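Asks: Compact mmCIF, C-alpha atoms, file start13.txt:
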# COMPACT_ATOMS: atom_id res chain seq x y z
CA MET A 237 0.00 0.00 0.00
CA ASN A 238 1.50 3.34 -1.08
CA SER A 239 1.83 6.44 1.06
CA ARG A 240 -1.09 8.20 -0.63
CA LYS A 241 -3.49 5.46 0.42
CA LEU A 242 -2.18 5.56 3.97
CA VAL A 243 -2.79 9.32 4.06
CA VAL A 244 -6.36 8.84 2.83
CA ILE A 245 -7.03 6.21 5.49
CA ALA A 246 -5.51 8.41 8.20
CA LEU A 247 -7.49 11.47 7.12
CA SER A 248 -10.71 9.46 6.88
CA GLY A 249 -10.26 8.12 10.40
CA LEU A 250 -9.39 11.59 11.71
CA PHE A 251 -12.42 13.22 10.06
CA LEU A 252 -14.79 10.53 11.33
CA LEU A 253 -13.47 10.63 14.90
CA THR A 254 -13.60 14.43 14.93
CA ALA A 255 -17.12 14.40 13.50
CA TRP A 256 -18.30 12.00 16.21
CA SER A 257 -16.75 14.01 19.06
CA SER A 258 -17.74 17.46 17.74
CA THR A 259 -20.88 19.51 18.37
CA TRP A 260 -23.71 17.98 16.38
CA PHE A 261 -26.46 20.56 16.54
CA GLU A 262 -27.18 23.84 18.30
CA ILE A 263 -30.84 24.29 19.20
CA SER A 264 -32.67 27.47 20.08
CA GLU A 265 -36.10 27.08 21.64
CA VAL A 266 -38.47 29.99 22.32
CA GLY A 267 -41.97 29.52 23.75
CA VAL A 268 -44.38 32.38 24.51
CA TYR A 269 -47.63 32.28 26.49
CA SER A 270 -49.49 34.44 24.01
CA GLU A 271 -52.94 34.23 25.63
CA GLY A 272 -54.20 34.23 29.19
CA LEU A 273 -51.13 35.40 31.11
CA GLU A 274 -49.99 38.98 31.63
CA ARG A 275 -46.86 40.29 29.90
CA GLU A 276 -46.53 37.12 27.79
CA PRO A 277 -44.01 35.02 29.77
CA THR A 278 -41.32 33.63 27.47
CA ILE A 279 -39.33 30.42 27.97
CA THR A 280 -35.98 30.44 26.16
CA THR A 281 -33.72 27.39 26.05
CA GLU A 282 -30.39 26.96 24.28
CA TYR A 283 -29.29 23.37 23.65
CA ILE A 284 -25.99 21.86 22.55
CA ILE A 285 -26.25 18.27 21.30
CA ASP A 286 -23.29 15.96 20.73
CA SER A 287 -22.65 12.22 20.58
CA ASN A 288 -23.21 11.68 24.30
CA GLN A 289 -25.52 14.24 25.84
CA GLU A 290 -27.61 17.37 25.59
CA SER A 291 -26.55 20.41 27.61
CA PHE A 292 -28.86 23.40 27.96
CA GLU A 293 -29.32 26.85 29.43
CA LEU A 294 -32.82 27.94 30.44
CA SER A 295 -34.19 31.43 31.04
CA ILE A 296 -37.71 32.72 31.63
CA GLU A 297 -38.60 36.31 30.75
CA ASN A 298 -41.49 37.89 32.69
CA SER A 299 -41.53 34.84 34.90
CA THR A 300 -43.77 36.16 37.70
CA PRO A 301 -47.10 35.69 35.85
CA LEU A 302 -46.02 32.18 34.83
CA LEU A 303 -45.02 31.24 38.37
CA LEU A 304 -48.35 32.57 39.68
CA TYR A 305 -50.17 30.52 37.01
CA TRP A 306 -48.44 27.33 38.14
CA VAL A 307 -49.10 28.10 41.81
CA ASN A 308 -52.76 29.13 41.46
CA ARG A 309 -53.94 26.28 39.25
CA GLU A 310 -54.72 22.81 40.61
CA ASN A 311 -54.27 19.45 38.98
CA VAL A 312 -57.50 18.16 37.51
CA SER A 313 -58.76 14.85 38.88
CA PRO A 314 -58.86 11.73 36.65
CA GLU A 315 -62.66 11.85 36.63
CA ILE A 316 -62.61 15.28 35.03
CA ASP A 317 -59.94 14.09 32.63
CA SER A 318 -62.21 11.29 31.45
CA GLU A 319 -65.10 13.66 30.86
CA ASN A 320 -62.84 16.07 29.05
CA ASN A 321 -61.54 13.37 26.70
CA SER A 322 -65.00 11.93 26.07
CA SER A 323 -66.35 15.37 25.20
CA GLY A 324 -64.02 15.49 22.23
CA SER A 325 -61.81 18.31 23.43
CA THR A 326 -58.79 16.12 22.75
CA GLY A 327 -60.69 13.65 20.57
CA ASP A 328 -58.79 10.54 19.55
CA ASN A 329 -55.48 12.29 20.13
CA SER A 330 -54.79 10.37 23.37
CA GLU A 331 -54.55 7.05 21.56
CA GLU A 332 -52.45 8.51 18.77
CA SER A 333 -50.18 10.34 21.23
CA THR A 334 -49.59 7.04 23.04
CA SER A 335 -48.68 5.48 19.72
CA ASP A 336 -46.28 8.36 18.98
CA ASN A 337 -44.59 8.00 22.37
CA GLN A 338 -44.03 4.31 21.71
CA ALA A 339 -42.28 5.03 18.39
CA CYS A 340 -38.93 4.92 20.22
CA SER A 341 -38.44 2.66 23.22
CA VAL A 342 -36.43 5.21 25.23
CA SER A 343 -35.08 8.15 23.21
CA CYS A 344 -35.33 8.66 19.46
CA LEU A 345 -32.16 10.75 19.57
CA ASP A 346 -30.21 8.00 21.34
CA MET A 347 -31.47 5.49 18.79
CA THR A 348 -30.36 7.76 15.94
CA ARG A 349 -26.97 8.21 17.61
CA GLY A 350 -26.56 4.43 17.41
CA PHE A 351 -27.43 4.39 13.70
CA LEU A 352 -24.93 7.16 12.95
CA LYS A 353 -22.21 5.37 14.93
CA LEU A 354 -22.73 2.21 12.87
CA THR A 355 -22.72 4.27 9.67
CA MET A 356 -19.40 5.90 10.61
CA ILE A 357 -17.84 2.52 11.33
CA ALA A 358 -19.14 1.22 7.99
CA MET A 359 -17.83 4.37 6.28
CA PHE A 360 -14.30 3.81 7.54
CA ALA A 361 -14.45 0.10 6.66
CA VAL A 362 -15.54 0.64 3.05
CA ILE A 363 -12.96 3.40 2.54
CA CYS A 364 -10.23 1.02 3.66
CA LEU A 365 -11.61 -1.75 1.45
CA SER A 366 -11.82 0.57 -1.54
CA LEU A 367 -8.13 1.42 -1.15
CA ILE A 368 -7.04 -2.18 -0.61
CA ARG A 369 -9.23 -3.57 -3.36
CA PRO A 370 -10.34 -0.74 -5.67
CA ILE A 371 -13.18 -2.46 -7.49
CA ARG A 372 -16.27 -0.62 -8.68
CA SER A 373 -18.78 -2.32 -6.35
CA ILE A 374 -16.82 -1.28 -3.25
CA LYS A 375 -16.44 2.27 -4.57
CA ILE A 376 -20.20 2.44 -5.06
CA ALA A 377 -20.68 1.16 -1.50
CA THR A 378 -18.54 4.03 -0.15
CA VAL A 379 -20.70 6.58 -1.94
CA VAL A 380 -23.93 4.93 -0.74
CA THR A 381 -22.66 4.81 2.84
CA TRP A 382 -21.70 8.49 2.70
CA LEU A 383 -25.16 9.37 1.39
CA ILE A 384 -26.79 7.35 4.18
CA GLY A 385 -24.68 9.25 6.70
CA ILE A 386 -25.58 12.69 5.38
CA SER A 387 -29.26 11.67 5.34
CA ILE A 388 -29.07 10.65 9.00
CA ILE A 389 -27.34 13.94 9.89
CA LEU A 390 -29.63 16.24 7.93
CA ILE A 391 -32.96 14.43 8.31
CA ALA A 392 -33.05 11.66 10.91
CA ILE A 393 -31.31 13.50 13.76
CA PRO A 394 -33.44 16.70 13.51
CA LEU A 395 -36.61 14.60 13.35
CA ALA A 396 -35.45 12.56 16.36
CA ILE A 397 -34.81 15.78 18.28
CA ALA A 398 -38.26 17.10 17.40
CA THR A 399 -39.89 13.80 18.37
CA ASP A 400 -38.16 13.73 21.75
CA PHE A 401 -39.31 17.31 22.30
CA GLY A 402 -42.87 16.27 21.44
CA ILE A 403 -43.30 18.49 18.37
CA SER A 404 -42.81 16.06 15.49
CA SER A 405 -44.89 16.85 12.43
CA GLY A 406 -48.60 16.26 12.45
CA ASN A 407 -51.43 18.05 14.19
CA GLU A 408 -52.02 15.10 16.48
CA SER A 409 -48.51 15.12 17.90
CA GLY A 410 -47.23 17.14 20.79
CA GLY A 411 -46.99 14.54 23.55
CA GLU A 412 -48.70 15.06 26.90
CA SER A 413 -47.53 18.60 27.55
CA SER A 414 -49.88 21.41 26.58
CA THR A 415 -46.84 23.36 25.36
CA GLY A 416 -45.62 20.59 23.06
CA GLY A 417 -42.57 19.95 25.24
CA PHE A 418 -41.35 23.54 25.39
CA ASP A 419 -41.70 23.52 29.20
CA THR A 420 -39.81 20.25 29.63
CA ASN A 421 -37.02 21.78 31.69
CA THR A 422 -39.20 24.05 33.82
CA GLN A 423 -40.55 23.22 37.26
CA GLU A 424 -44.07 22.53 36.02
CA THR A 425 -45.70 20.82 33.05
CA VAL A 426 -49.44 21.09 32.44
CA GLU A 427 -50.77 18.13 30.50
CA VAL A 428 -53.16 18.27 27.57
CA ASN A 429 -55.81 16.23 29.40
CA GLN A 430 -56.27 19.06 31.90
CA PHE A 431 -57.68 21.34 29.19
CA ALA A 432 -61.12 21.64 27.63
CA HIS A 433 -61.58 22.37 23.92
CA PHE A 434 -57.84 21.99 23.45
CA GLN A 435 -56.46 22.64 19.96
CA GLN A 436 -52.87 22.31 18.76
CA ASP A 437 -51.02 22.72 15.52
CA SER A 438 -47.42 22.06 14.50
CA GLY A 439 -45.31 22.49 11.41
CA PHE A 440 -41.77 22.82 10.14
CA GLY A 441 -39.76 24.70 7.56
CA ILE A 442 -36.20 25.46 6.47
CA SER A 443 -34.43 28.80 6.88
CA LEU A 444 -30.87 30.13 6.81
CA ASP A 445 -30.62 29.36 10.53
CA GLY A 446 -31.53 25.69 10.08
CA ILE A 447 -34.67 23.60 10.40
CA LYS A 448 -37.54 25.29 12.22
CA PHE A 449 -40.37 23.49 14.02
CA THR A 450 -43.38 25.43 15.26
CA TYR A 451 -46.03 24.52 17.81
CA ASP A 452 -49.20 26.43 18.71
CA SER A 453 -51.84 25.46 21.26
CA MET A 454 -55.00 26.92 22.76
CA GLY A 455 -57.45 25.65 25.33
CA PHE A 456 -59.32 26.28 28.57
CA ASP A 457 -57.28 25.19 31.58
CA LEU A 458 -59.69 23.37 33.89
CA GLY A 459 -57.21 23.71 36.74
CA LEU A 460 -57.94 27.46 36.87
CA LEU A 461 -61.67 26.89 37.41
CA ASP A 462 -63.70 25.93 40.43
CA GLU A 463 -64.71 22.28 40.38
CA GLU A 464 -68.42 23.06 39.99
CA ASP A 465 -67.72 25.20 36.88
CA ARG A 466 -65.62 22.69 34.99
CA GLU A 467 -68.42 20.52 33.59
CA ASN A 468 -70.13 23.54 32.05
CA ILE A 469 -66.89 24.65 30.36
CA ILE A 470 -66.30 21.12 29.05
CA GLU A 471 -69.75 21.06 27.46
CA ASN A 472 -69.75 24.61 26.11
CA ALA A 473 -66.70 26.69 25.24
CA PRO A 474 -67.20 30.21 26.63
CA VAL A 475 -66.69 33.28 24.48
CA GLU A 476 -64.97 36.48 25.53
CA GLY A 477 -66.87 38.18 28.34
CA GLU A 478 -68.51 34.98 29.62
CA SER A 479 -67.65 33.24 32.86
CA GLY A 480 -64.76 30.80 32.45
CA TYR A 481 -63.17 32.60 29.50
CA GLU A 482 -60.39 33.77 31.82
CA SER A 483 -59.08 30.17 31.87
CA LEU A 484 -58.13 30.36 28.18
CA ILE A 485 -54.39 29.71 27.77
CA GLY A 486 -52.57 30.12 24.46
CA PHE A 487 -48.98 29.10 23.71
CA ASP A 488 -46.74 29.67 20.67
CA GLY A 489 -43.39 27.93 20.32
CA GLU A 490 -40.55 27.84 17.80
CA LEU A 491 -37.66 25.39 17.78
CA THR A 492 -34.67 26.08 15.51
CA ILE A 493 -32.17 23.29 14.91
CA GLY A 494 -28.93 24.75 13.57
CA PRO A 495 -26.01 22.69 12.25
CA GLY A 496 -22.86 22.14 14.28
CA SER A 497 -19.42 21.10 13.08
CA LEU A 498 -20.59 17.49 12.56
CA ILE A 499 -21.84 18.37 9.09
CA THR A 500 -18.59 20.13 8.18
CA TRP A 501 -16.44 17.15 9.08
CA TRP A 502 -18.76 14.74 7.26
CA LEU A 503 -18.61 16.92 4.13
CA LEU A 504 -14.80 16.87 4.27
CA ILE A 505 -14.92 13.12 3.65
CA ALA A 506 -16.49 13.72 0.22
CA PRO A 507 -13.25 14.97 -1.47
CA LEU A 508 -11.51 11.78 -0.35
CA LEU A 509 -14.23 9.71 -1.98
CA ILE A 510 -14.02 11.78 -5.17
CA LEU A 511 -10.25 11.20 -5.38
CA ASN A 512 -10.83 7.47 -4.98
CA LEU A 513 -13.46 7.44 -7.70
CA ILE A 514 -11.18 9.35 -10.08
CA GLU A 515 -8.31 6.93 -9.43
CA THR A 516 -10.58 3.94 -9.95
CA ARG A 517 -11.80 5.37 -13.26
CA GLU A 518 -8.22 5.91 -14.43
CA LEU A 519 -7.34 2.37 -13.36
CA PHE A 520 -10.19 0.90 -15.42
CA GLU A 521 -9.27 3.07 -18.42
CA GLU A 522 -5.66 1.82 -18.29
CA GLU A 523 -6.85 -1.78 -18.20
Could you spell out this file's structure in structure tokens?
Replies:
Amino acid sequence: MNSRKLVVIALSGLFLLTAWSSTWFEISEVGVYSEGLEREPTITTEYIIDSNQESFELSIENSTPLLLYWVNRENVSPEIDSENNSSGSTGDNSEESTSDNQACSVSCLDMTRGFLKLTMIAMFAVICLSLIRPIRSIKIATVVTWLIGISIILIAIPLAIATDFGISSGNESGGESSTGGFDTNTQETVEVNQFAHFQQDSGFGISLDGIKFTYDSMGFDLGLLDEEDRENIIENAPVEGESGYESLIGFDGELTIGPGSLITWWLLIAPLLILNLIETRELFEEE
């Protein structure tokens, strides 16, 4: 094996190890209580995700109204929950949410980490094989493996992050939290089944900052009402000015998943593959 091949193997191993140990994604999460609370309390969370863990910094702007909301409300009893669900305020979402939560046994992100680790190992193996035995089928395998890796990085990991946060695509998603997971790291989480006439919507798009997921919800928090008033609110949604309307809580959230250096290091492997393909083509032409 000549020195050029040894350099390619060494660079490939270096790029893959650096990619694995680098920052994968940087996530910015902003959730605003847009209805029902004074001064629109805002939850801001900054996440750093790598191959092992997720580190975060949390801040709450205008936190006093939010803290008072958590303190003043009471958890709704299971009996009220059953009536709320049967009234259609959450409809068949409970069954579908359970199905969504069972999509990954523990963590979708951890599962995706495992897939990417296997792909990186396979990537290094096929690069070595392509240099030792430069036949066309192995060269094609290197390209396919690289494409699988970039697909996991650009598509599977962001979707896994969104799923773990509870805001994967689909109007019926959002997990148990009424904020779609945006309050995961706060001291309180109010579940969907404690709301009447609860509605939620989610979506995603692509911008210069990365992939953006949005989540909006609206509903009447039964925990803010006296027990004798809850049944009436469940049966009939109040309009502005009517008793019970003050329990309306609205939430808007936006999650931006920006790329880290993982993508850069994975892209640096591509020139090595191109050089191999060019050499293989020249080898076949000489034969």
Asks: Please compute the atom CA of Lys375 of chain A-atom CA of Ser497 of chain A distance, one decimal, in Å.
Replies: 26.0 Å
Asks: Excluding Leu345 of chain A and any residue of its chain fewer than 5 positions from it, enumerate the residues within 8 Å of it, using all atoms listed in the file, and give them as a PyMOL selection string.
Replies: chain A and resi 393+396-397+400
Asks: Let me make sure I understand: among A:Cys364, A:Ala506, A:Val342, A:Ile279, which one has the smallest atom-to-atom distance to Gly249 of chain A if we use all atoms listed in the file?
Replies: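 Once distances to Gly249 of chain A are computed over all atoms listed in the file, the minimum belongs to A:Cys364.
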Asks: I'd like the contact shell of Ala377 of chain A - 10 Å cut-off, all atoms listed in the file, skipping same-chain residues fewer than 2 positions apart - returned as a PyMOL selection string.
Replies: chain A and resi 358-359+362-363+365-366+372-375+379-383
Asks: Compare A:Tyr305, A:Phe351, A:Phe251, A:Phe261 by their minimum atom-to-atom distance to Ser291 of chain A, counting all atoms listed in the file, and give me the closest one.
Replies: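 Closest candidate: A:Phe261.
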Asks: Report the distance between atom CA of Ala255 of chain A and atom CA of Leu498 of chain A in Å, rounded to one decimal place.
Replies: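 Between atom CA of Ala255 of chain A and atom CA of Leu498 of chain A the gap is 4.7 Å.
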Asks: Which value, in Å to one decimal, gives the distance between atom CA of Pro370 of chain A and atom CA of Pro507 of chain A?
Replies: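 About the pair atom CA of Pro370 of chain A and atom CA of Pro507 of chain A: they are 16.5 Å apart.
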Asks: Residues within 7 Å of Tyr451 of chain A, please, as a PyMOL selection string. Count only C-alpha atoms; anything in the same chain fewer than 3 positions from it doesn't count.
Replies: chain A and resi 403+416+437-439+488-490
Asks: Looking at A:Leu491, A:Leu458, A:Val428, A:Leu253, which one is nearest to Thr399 of chain A, with distances taken over all atoms listed in the file?
Replies: A:Leu491
Asks: Between A:Ile505, A:Leu461, A:Leu294, A:Ile391, single out the one closest to Ile493 of chain A, counting only C-alpha atoms.
Replies: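 Checking each candidate against Ile493 of chain A, we get A:Ile391 as the closest.
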Asks: Which residue is closest to Asn429 of chain A? Choose from A:Asp457, A:Glu478, A:Asp445, A:Asp452 and count only C-alpha atoms.
Replies: A:Asp457
Asks: At a cut-off of 10 Å, using only C-alpha atoms, what residues contact Asn311 of chain A? Leave out same-chain residues fewer than 2 positions from it and give the result as a PyMOL selection string.
Replies: chain A and resi 306+309+313-314+426-427+430+457-460
Asks: Could you check which of A:Ile296, A:Val268, A:Ile384, A:Ile263 is closest to Ile284 of chain A, using all atoms listed in the file?
Replies: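 Counting all atoms listed in the file, the residue closest to Ile284 of chain A is A:Ile263.
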Asks: Is there a way to complete segment 264-298 of chain A with N, CA and C atoms and then write that out as a PDB file, keeping the file's coordinate frame?
Replies:
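rebuild-v6.pdb, written as the output of this step:
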ATOM      1  N   SER A 264     -32.090  26.314  19.393  1.00  0.00           N
ATOM      2  CA  SER A 264     -32.670  27.470  20.080  1.00  0.00           C
ATOM      3  C   SER A 264     -34.174  27.257  20.169  1.00  0.00           C
ATOM      4  N   GLU A 265     -34.695  27.361  21.396  1.00  0.00           N
ATOM      5  CA  GLU A 265     -36.100  27.080  21.640  1.00  0.00           C
ATOM      6  C   GLU A 265     -36.730  28.281  22.347  1.00  0.00           C
ATOM      7  N   VAL A 266     -37.785  28.842  21.746  1.00  0.00           N
ATOM      8  CA  VAL A 266     -38.470  29.990  22.320  1.00  0.00           C
ATOM      9  C   VAL A 266     -39.970  29.696  22.371  1.00  0.00           C
ATOM     10  N   GLY A 267     -40.538  29.745  23.575  1.00  0.00           N
ATOM     11  CA  GLY A 267     -41.970  29.520  23.750  1.00  0.00           C
ATOM     12  C   GLY A 267     -42.606  30.687  24.482  1.00  0.00           C
ATOM     13  N   VAL A 268     -43.723  31.193  23.960  1.00  0.00           N
ATOM     14  CA  VAL A 268     -44.380  32.380  24.510  1.00  0.00           C
ATOM     15  C   VAL A 268     -45.822  32.037  24.879  1.00  0.00           C
ATOM     16  N   TYR A 269     -46.222  32.383  26.107  1.00  0.00           N
ATOM     17  CA  TYR A 269     -47.630  32.280  26.490  1.00  0.00           C
ATOM     18  C   TYR A 269     -48.356  33.498  25.924  1.00  0.00           C
ATOM     19  N   SER A 270     -48.938  33.313  24.768  1.00  0.00           N
ATOM     20  CA  SER A 270     -49.490  34.440  24.010  1.00  0.00           C
ATOM     21  C   SER A 270     -50.910  34.809  24.427  1.00  0.00           C
ATOM     22  N   GLU A 271     -51.556  33.983  25.237  1.00  0.00           N
ATOM     23  CA  GLU A 271     -52.940  34.230  25.630  1.00  0.00           C
ATOM     24  C   GLU A 271     -53.145  33.787  27.068  1.00  0.00           C
ATOM     25  N   GLY A 272     -53.790  34.635  27.864  1.00  0.00           N
ATOM     26  CA  GLY A 272     -54.200  34.230  29.190  1.00  0.00           C
ATOM     27  C   GLY A 272     -53.318  34.709  30.325  1.00  0.00           C
ATOM     28  N   LEU A 273     -52.038  34.948  30.067  1.00  0.00           N
ATOM     29  CA  LEU A 273     -51.130  35.400  31.110  1.00  0.00           C
ATOM     30  C   LEU A 273     -50.628  36.800  30.792  1.00  0.00           C
ATOM     31  N   GLU A 274     -50.444  37.608  31.821  1.00  0.00           N
ATOM     32  CA  GLU A 274     -49.990  38.980  31.630  1.00  0.00           C
ATOM     33  C   GLU A 274     -48.532  39.005  31.166  1.00  0.00           C
ATOM     34  N   ARG A 275     -48.209  39.988  30.353  1.00  0.00           N
ATOM     35  CA  ARG A 275     -46.860  40.290  29.900  1.00  0.00           C
ATOM     36  C   ARG A 275     -46.207  39.145  29.118  1.00  0.00           C
ATOM     37  N   GLU A 276     -46.989  38.191  28.659  1.00  0.00           N
ATOM     38  CA  GLU A 276     -46.530  37.120  27.790  1.00  0.00           C
ATOM     39  C   GLU A 276     -45.210  36.494  28.255  1.00  0.00           C
ATOM     40  N   PRO A 277     -45.230  35.706  29.313  1.00  0.00           N
ATOM     41  CA  PRO A 277     -44.010  35.020  29.770  1.00  0.00           C
ATOM     42  C   PRO A 277     -43.372  34.217  28.639  1.00  0.00           C
ATOM     43  N   THR A 278     -42.056  34.276  28.556  1.00  0.00           N
ATOM     44  CA  THR A 278     -41.320  33.630  27.470  1.00  0.00           C
ATOM     45  C   THR A 278     -40.272  32.684  28.035  1.00  0.00           C
ATOM     46  N   ILE A 279     -40.319  31.433  27.576  1.00  0.00           N
ATOM     47  CA  ILE A 279     -39.330  30.420  27.970  1.00  0.00           C
ATOM     48  C   ILE A 279     -38.316  30.284  26.845  1.00  0.00           C
ATOM     49  N   THR A 280     -37.052  30.543  27.153  1.00  0.00           N
ATOM     50  CA  THR A 280     -35.980  30.440  26.160  1.00  0.00           C
ATOM     51  C   THR A 280     -34.977  29.385  26.617  1.00  0.00           C
ATOM     52  N   THR A 281     -34.676  28.446  25.736  1.00  0.00           N
ATOM     53  CA  THR A 281     -33.720  27.390  26.050  1.00  0.00           C
ATOM     54  C   THR A 281     -32.732  27.237  24.911  1.00  0.00           C
ATOM     55  N   GLU A 282     -31.458  27.186  25.253  1.00  0.00           N
ATOM     56  CA  GLU A 282     -30.390  26.960  24.280  1.00  0.00           C
ATOM     57  C   GLU A 282     -29.780  25.585  24.543  1.00  0.00           C
ATOM     58  N   TYR A 283     -29.802  24.732  23.520  1.00  0.00           N
ATOM     59  CA  TYR A 283     -29.290  23.370  23.650  1.00  0.00           C
ATOM     60  C   TYR A 283     -28.041  23.170  22.801  1.00  0.00           C
ATOM     61  N   ILE A 284     -27.130  22.360  23.314  1.00  0.00           N
ATOM     62  CA  ILE A 284     -25.990  21.860  22.550  1.00  0.00           C
ATOM     63  C   ILE A 284     -26.077  20.332  22.570  1.00  0.00           C
ATOM     64  N   ILE A 285     -26.123  19.727  21.395  1.00  0.00           N
ATOM     65  CA  ILE A 285     -26.250  18.270  21.300  1.00  0.00           C
ATOM     66  C   ILE A 285     -25.002  17.689  20.664  1.00  0.00           C
ATOM     67  N   ASP A 286     -24.436  16.652  21.298  1.00  0.00           N
ATOM     68  CA  ASP A 286     -23.290  15.960  20.730  1.00  0.00           C
ATOM     69  C   ASP A 286     -23.543  14.452  20.772  1.00  0.00           C
ATOM     70  N   SER A 287     -22.488  13.678  20.678  1.00  0.00           N
ATOM     71  CA  SER A 287     -22.650  12.220  20.580  1.00  0.00           C
ATOM     72  C   SER A 287     -23.069  11.576  21.888  1.00  0.00           C
ATOM     73  N   ASN A 288     -22.933  12.290  23.002  1.00  0.00           N
ATOM     74  CA  ASN A 288     -23.210  11.680  24.300  1.00  0.00           C
ATOM     75  C   ASN A 288     -24.368  12.287  25.068  1.00  0.00           C
ATOM     76  N   GLN A 289     -24.563  13.597  24.961  1.00  0.00           N
ATOM     77  CA  GLN A 289     -25.520  14.240  25.840  1.00  0.00           C
ATOM     78  C   GLN A 289     -26.078  15.510  25.225  1.00  0.00           C
ATOM     79  N   GLU A 290     -27.052  16.079  25.960  1.00  0.00           N
ATOM     80  CA  GLU A 290     -27.610  17.370  25.590  1.00  0.00           C
ATOM     81  C   GLU A 290     -27.427  18.313  26.774  1.00  0.00           C
ATOM     82  N   SER A 291     -26.706  19.392  26.567  1.00  0.00           N
ATOM     83  CA  SER A 291     -26.550  20.410  27.610  1.00  0.00           C
ATOM     84  C   SER A 291     -27.422  21.605  27.248  1.00  0.00           C
ATOM     85  N   PHE A 292     -27.935  22.308  28.254  1.00  0.00           N
ATOM     86  CA  PHE A 292     -28.860  23.400  27.960  1.00  0.00           C
ATOM     87  C   PHE A 292     -28.746  24.520  28.981  1.00  0.00           C
ATOM     88  N   GLU A 293     -29.181  25.691  28.554  1.00  0.00           N
ATOM     89  CA  GLU A 293     -29.320  26.850  29.430  1.00  0.00           C
ATOM     90  C   GLU A 293     -30.752  27.356  29.288  1.00  0.00           C
ATOM     91  N   LEU A 294     -31.411  27.557  30.421  1.00  0.00           N
ATOM     92  CA  LEU A 294     -32.820  27.940  30.440  1.00  0.00           C
ATOM     93  C   LEU A 294     -32.983  29.322  31.059  1.00  0.00           C
ATOM     94  N   SER A 295     -33.842  30.138  30.446  1.00  0.00           N
ATOM     95  CA  SER A 295     -34.190  31.430  31.040  1.00  0.00           C
ATOM     96  C   SER A 295     -35.670  31.691  30.803  1.00  0.00           C
ATOM     97  N   ILE A 296     -36.289  32.378  31.748  1.00  0.00           N
ATOM     98  CA  ILE A 296     -37.710  32.720  31.630  1.00  0.00           C
ATOM     99  C   ILE A 296     -37.859  34.228  31.778  1.00  0.00           C
ATOM    100  N   GLU A 297     -38.361  34.866  30.733  1.00  0.00           N
ATOM    101  CA  GLU A 297     -38.600  36.310  30.750  1.00  0.00           C
ATOM    102  C   GLU A 297     -40.026  36.576  31.236  1.00  0.00           C
ATOM    103  N   ASN A 298     -40.188  37.594  32.081  1.00  0.00           N
ATOM    104  CA  ASN A 298     -41.490  37.890  32.690  1.00  0.00           C
ATOM    105  C   ASN A 298     -42.027  36.648  33.407  1.00  0.00           C
TER     106      ASN A 298
END
